[in-house]
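Colleague: The structure file protein.cif (mmCIF, C-alpha atoms, pLDDT in the B column; chains and numbers go by the auth columns) is provided below.
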```
data_target
loop_
_atom_site.group_PDB
_atom_site.id
_atom_site.type_symbol
_atom_site.label_atom_id
_atom_site.label_comp_id
_atom_site.label_asym_id
_atom_site.label_seq_id
_atom_site.Cartn_x
_atom_site.Cartn_y
_atom_site.Cartn_z
_atom_site.B_iso_or_equiv
_atom_site.auth_seq_id
_atom_site.auth_asym_id
ATOM 1 C CA MET A 1 18.381 -11.304 5.110 65.00 1 A
ATOM 2 C CA TYR A 2 15.238 -10.375 3.216 70.00 2 A
ATOM 3 C CA LYS A 3 15.255 -8.114 0.181 83.00 3 A
ATOM 4 C CA ASN A 4 12.340 -5.817 -0.614 87.00 4 A
ATOM 5 C CA THR A 5 11.414 -5.985 -4.289 89.00 5 A
ATOM 6 C CA PRO A 6 8.868 -3.939 -6.247 92.00 6 A
ATOM 7 C CA ILE A 7 5.769 -5.730 -7.537 91.00 7 A
ATOM 8 C CA ALA A 8 6.827 -4.662 -11.058 91.00 8 A
ATOM 9 C CA GLU A 9 9.808 -2.770 -12.422 91.00 9 A
ATOM 10 C CA GLY A 10 9.203 0.768 -13.620 92.00 10 A
ATOM 11 C CA LEU A 11 6.012 1.472 -11.625 95.00 11 A
ATOM 12 C CA PHE A 12 7.558 3.643 -8.919 96.00 12 A
ATOM 13 C CA THR A 13 10.877 4.868 -7.611 94.00 13 A
ATOM 14 C CA TRP A 14 12.260 2.346 -5.139 84.00 14 A
ATOM 15 C CA PRO A 15 13.896 2.414 -2.716 87.00 15 A
ATOM 16 C CA SER A 16 13.104 6.007 -1.884 87.00 16 A
ATOM 17 C CA LYS A 17 12.199 8.047 1.203 88.00 17 A
ATOM 18 C CA GLU A 18 9.672 9.885 -0.966 92.00 18 A
ATOM 19 C CA PRO A 19 8.587 7.386 -3.620 94.00 19 A
ATOM 20 C CA ALA A 20 6.917 8.567 -6.817 96.00 20 A
ATOM 21 C CA LEU A 21 4.942 6.766 -9.489 97.00 21 A
ATOM 22 C CA LEU A 22 6.690 6.658 -12.858 97.00 22 A
ATOM 23 C CA GLY A 23 4.598 7.729 -15.801 96.00 23 A
ATOM 24 C CA SER A 24 5.369 8.819 -19.328 96.00 24 A
ATOM 25 C CA ARG A 25 4.612 12.120 -21.048 97.00 25 A
ATOM 26 C CA CYS A 26 4.343 12.645 -24.772 97.00 26 A
ATOM 27 C CA GLN A 27 6.705 15.356 -25.959 97.00 27 A
ATOM 28 C CA GLN A 28 4.435 16.075 -28.943 96.00 28 A
ATOM 29 C CA CYS A 29 0.972 16.499 -27.345 96.00 29 A
ATOM 30 C CA ASN A 30 1.875 16.610 -23.604 96.00 30 A
ATOM 31 C CA ILE A 31 -0.428 13.704 -22.622 95.00 31 A
ATOM 32 C CA ALA A 32 0.696 11.864 -19.470 95.00 32 A
ATOM 33 C CA GLU A 33 0.136 8.138 -18.886 95.00 33 A
ATOM 34 C CA PHE A 34 0.456 5.684 -16.037 96.00 34 A
ATOM 35 C CA PRO A 35 1.938 3.194 -16.106 95.00 35 A
ATOM 36 C CA GLN A 36 4.561 4.466 -18.506 95.00 36 A
ATOM 37 C CA LYS A 37 4.080 3.587 -22.154 95.00 37 A
ATOM 38 C CA PRO A 38 6.555 3.398 -25.079 96.00 38 A
ATOM 39 C CA SER A 39 4.253 5.513 -27.265 97.00 39 A
ATOM 40 C CA CYS A 40 1.479 8.050 -26.845 96.00 40 A
ATOM 41 C CA PRO A 41 -2.059 6.600 -26.905 92.00 41 A
ATOM 42 C CA ALA A 42 -3.447 9.973 -28.047 94.00 42 A
ATOM 43 C CA CYS A 43 -1.228 10.875 -31.023 95.00 43 A
ATOM 44 C CA GLY A 44 0.886 7.724 -31.549 95.00 44 A
ATOM 45 C CA SER A 45 4.218 9.499 -31.103 97.00 45 A
ATOM 46 C CA VAL A 46 7.122 7.491 -29.711 97.00 46 A
ATOM 47 C CA ASP A 47 8.681 10.727 -28.437 97.00 47 A
ATOM 48 C CA VAL A 48 7.782 10.052 -24.796 97.00 48 A
ATOM 49 C CA GLN A 49 9.805 10.616 -21.651 97.00 49 A
ATOM 50 C CA VAL A 50 9.554 8.930 -18.266 97.00 50 A
ATOM 51 C CA GLU A 51 8.666 11.326 -15.467 96.00 51 A
ATOM 52 C CA GLU A 52 7.975 11.127 -11.765 97.00 52 A
ATOM 53 C CA LEU A 53 4.312 11.877 -11.146 97.00 53 A
ATOM 54 C CA PRO A 54 3.108 14.079 -8.273 97.00 54 A
ATOM 55 C CA ARG A 55 3.043 12.261 -4.909 97.00 55 A
ATOM 56 C CA LYS A 56 -0.176 13.963 -3.796 98.00 56 A
ATOM 57 C CA GLY A 57 -3.548 14.266 -5.441 98.00 57 A
ATOM 58 C CA THR A 58 -7.262 14.240 -4.750 98.00 58 A
ATOM 59 C CA LEU A 59 -9.633 11.324 -4.422 98.00 59 A
ATOM 60 C CA TRP A 60 -11.771 11.433 -7.555 97.00 60 A
ATOM 61 C CA THR A 61 -13.994 8.429 -6.741 97.00 61 A
ATOM 62 C CA TRP A 62 -13.775 5.267 -4.648 98.00 62 A
ATOM 63 C CA THR A 63 -15.387 1.990 -3.635 97.00 63 A
ATOM 64 C CA ILE A 64 -14.744 -0.780 -1.112 97.00 64 A
ATOM 65 C CA GLN A 65 -13.508 -4.143 -2.429 94.00 65 A
ATOM 66 C CA GLY A 66 -15.580 -6.411 -0.203 92.00 66 A
ATOM 67 C CA PHE A 67 -14.525 -9.786 -1.596 90.00 67 A
ATOM 68 C CA MET A 68 -11.199 -11.387 -2.411 86.00 68 A
ATOM 69 C CA PRO A 69 -10.316 -10.824 -6.079 84.00 69 A
ATOM 70 C CA LYS A 70 -9.917 -13.845 -8.331 80.00 70 A
ATOM 71 C CA LYS A 71 -6.635 -14.882 -9.941 71.00 71 A
ATOM 72 C CA PRO A 72 -4.260 -13.497 -11.105 67.00 72 A
ATOM 73 C CA TYR A 73 -4.582 -11.502 -7.828 72.00 73 A
ATOM 74 C CA LEU A 74 -1.738 -12.777 -5.680 77.00 74 A
ATOM 75 C CA SER A 75 -1.428 -11.708 -2.073 82.00 75 A
ATOM 76 C CA ASP A 76 -0.668 -13.307 1.284 80.00 76 A
ATOM 77 C CA GLU A 77 -4.392 -13.305 2.069 84.00 77 A
ATOM 78 C CA THR A 78 -6.658 -16.306 2.105 84.00 78 A
ATOM 79 C CA PRO A 79 -10.459 -16.277 1.956 85.00 79 A
ATOM 80 C CA GLU A 80 -10.379 -16.628 5.760 89.00 80 A
ATOM 81 C CA THR A 81 -7.963 -13.713 6.371 89.00 81 A
ATOM 82 C CA PHE A 82 -9.168 -11.353 3.618 90.00 82 A
ATOM 83 C CA THR A 83 -9.962 -7.820 4.802 92.00 83 A
ATOM 84 C CA PRO A 84 -11.998 -5.480 2.588 94.00 84 A
ATOM 85 C CA TYR A 85 -9.997 -2.556 1.237 95.00 85 A
ATOM 86 C CA GLY A 86 -10.600 0.740 -0.500 96.00 86 A
ATOM 87 C CA VAL A 87 -9.967 1.207 -4.213 97.00 87 A
ATOM 88 C CA GLY A 88 -10.048 4.617 -5.801 97.00 88 A
ATOM 89 C CA TYR A 89 -8.997 6.924 -8.564 98.00 89 A
ATOM 90 C CA ILE A 90 -6.532 9.590 -7.476 98.00 90 A
ATOM 91 C CA GLU A 91 -6.299 12.680 -9.661 98.00 91 A
ATOM 92 C CA LEU A 92 -2.652 13.748 -9.790 97.00 92 A
ATOM 93 C CA PRO A 93 -2.398 17.447 -10.710 96.00 93 A
ATOM 94 C CA GLY A 94 -1.051 18.121 -14.185 91.00 94 A
ATOM 95 C CA ALA A 95 -0.754 14.412 -14.858 86.00 95 A
ATOM 96 C CA VAL A 96 -3.322 11.581 -14.777 95.00 96 A
ATOM 97 C CA CYS A 97 -5.952 9.795 -12.702 96.00 97 A
ATOM 98 C CA VAL A 98 -4.414 6.668 -11.177 97.00 98 A
ATOM 99 C CA GLU A 99 -6.399 3.653 -10.010 97.00 99 A
ATOM 100 C CA SER A 100 -4.987 2.481 -6.695 97.00 100 A
ATOM 101 C CA ARG A 101 -5.559 0.527 -3.559 96.00 101 A
ATOM 102 C CA LEU A 102 -6.373 2.826 -0.634 97.00 102 A
ATOM 103 C CA LEU A 103 -5.093 2.279 2.885 96.00 103 A
ATOM 104 C CA GLU A 104 -8.463 3.341 4.291 96.00 104 A
ATOM 105 C CA ASN A 105 -11.332 0.861 4.117 95.00 105 A
ATOM 106 C CA SER A 106 -13.952 2.701 6.152 95.00 106 A
ATOM 107 C CA PRO A 107 -16.605 4.378 3.960 96.00 107 A
ATOM 108 C CA GLU A 108 -17.178 6.964 6.694 96.00 108 A
ATOM 109 C CA LYS A 109 -13.572 8.180 6.336 96.00 109 A
ATOM 110 C CA LEU A 110 -13.409 8.386 2.529 97.00 110 A
ATOM 111 C CA LYS A 111 -14.655 11.554 0.844 97.00 111 A
ATOM 112 C CA ILE A 112 -14.484 12.538 -2.819 97.00 112 A
ATOM 113 C CA GLY A 113 -12.082 15.470 -3.115 97.00 113 A
ATOM 114 C CA MET A 114 -9.980 14.582 -0.061 98.00 114 A
ATOM 115 C CA GLU A 115 -6.224 14.976 -0.393 98.00 115 A
ATOM 116 C CA MET A 116 -4.299 11.708 -0.813 98.00 116 A
ATOM 117 C CA GLU A 117 -0.620 10.824 -0.706 97.00 117 A
ATOM 118 C CA LEU A 118 1.372 7.976 -2.253 98.00 118 A
ATOM 119 C CA VAL A 119 2.893 5.298 -0.014 96.00 119 A
ATOM 120 C CA VAL A 120 4.857 2.148 -0.806 96.00 120 A
ATOM 121 C CA GLU A 121 4.153 -0.809 1.458 92.00 121 A
ATOM 122 C CA THR A 122 4.529 -4.561 1.593 91.00 122 A
ATOM 123 C CA PHE A 123 1.770 -6.134 -0.502 90.00 123 A
ATOM 124 C CA ARG A 124 2.773 -9.790 -0.163 88.00 124 A
ATOM 125 C CA HIS A 125 5.803 -12.066 0.236 88.00 125 A
ATOM 126 C CA ASP A 126 7.447 -14.089 -2.519 89.00 126 A
ATOM 127 C CA GLU A 127 8.269 -17.807 -2.345 86.00 127 A
ATOM 128 C CA SER A 128 11.525 -17.029 -0.481 87.00 128 A
ATOM 129 C CA GLY A 129 9.804 -14.834 2.092 88.00 129 A
ATOM 130 C CA ASN A 130 11.011 -11.546 0.580 90.00 130 A
ATOM 131 C CA PRO A 131 8.598 -8.606 0.884 92.00 131 A
ATOM 132 C CA VAL A 132 7.042 -7.565 -2.427 92.00 132 A
ATOM 133 C CA MET A 133 6.321 -3.842 -2.405 93.00 133 A
ATOM 134 C CA SER A 134 3.412 -2.087 -4.101 94.00 134 A
ATOM 135 C CA PHE A 135 1.932 1.391 -4.068 96.00 135 A
ATOM 136 C CA ALA A 136 -1.234 2.661 -2.430 97.00 136 A
ATOM 137 C CA PHE A 137 -2.651 6.007 -1.384 98.00 137 A
ATOM 138 C CA LYS A 138 -3.541 7.262 2.080 97.00 138 A
ATOM 139 C CA ALA A 139 -5.328 10.344 3.319 97.00 139 A
ATOM 140 C CA VAL A 140 -3.066 13.323 3.972 95.00 140 A
ATOM 141 C CA GLU A 141 -3.115 14.065 7.681 83.00 141 A
#
```
Rewrite the coordinates I just gave you, this time as structure tokens.

Modeller:
Amino acid sequence: MYKNTPIAEGLFTWPSKEPALLGSRCQQCNIAEFPQKPSCPACGSVDVQVEELPRKGTLWTWTIQGFMPKKPYLSDETPETFTPYGVGYIELPGAVCVESRLLENSPEKLKIGMEMELVVETFRHDESGNPVMSFAFKAVE
């Protein structure tokens, strides 16, 4: 039996029917960060709390990754099976802009300002064949 594991601990709630990214918010100056940090990069306070970030946001900017990234990128893809993918910044209201892989890779279907929603999907498989889960954003339908 295979076990789904997150690509890194503390990035998102998992398992969850409605996953959320986990960020941190400074209790002194109210700055939010993703991924979560032990201290505030703005004021230096260590009075930060982990919080679930909004699941939906707007596409702030994007591009298409047209070539396979170099190491330490680790996926199931090979240069022969690589498929270009979208990469964008998603502005999460009241929180932060998050850089993320996009499920859409067609430039004709990506528009700055479109509403996006967080998803958790299999990114690759580990040495034992277990799915390794990561986050991405897709257009809200």

Colleague: Would you compute the distance between atom CA of A:Asp126 and atom CA of A:Pro38? Give it in Å to one decimal.

Modeller: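 One can read the atom CA of A:Asp126 to atom CA of A:Pro38 distance as 28.6 Å.
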
Colleague: Measuring between all atoms listed in the file, which one of A:Thr5, A:Asn30, A:Ser100, A:Thr122 shows the shortest distance to A:Ser75?

Modeller: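 Among A:Thr5, A:Asn30, A:Ser100, A:Thr122, it is A:Thr122 that comes nearest to A:Ser75.
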
Colleague: With all atoms listed in the file as the basis for distance, which of A:Ala95, A:Ala139, A:Cys43, A:Ile112 is at the shortest distance from A:Thr63?

Modeller: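 Checking each candidate against A:Thr63, we get A:Ile112 as the closest.
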
Colleague: Which residues match the PyMOL selection byres ((chain A and resi 83) around 10) in the file above, as a PyMOL selection string?

Modeller: chain A and resi 65-68+77-82+84-85+105

Colleague: Considering only C-alpha atoms, can you say which of A:Ser39, A:Thr58, A:Asn4, A:Gln49 comes closest to A:Glu117?

Modeller: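 When distances to A:Glu117 are compared using only C-alpha atoms, the smallest one comes from A:Thr58.
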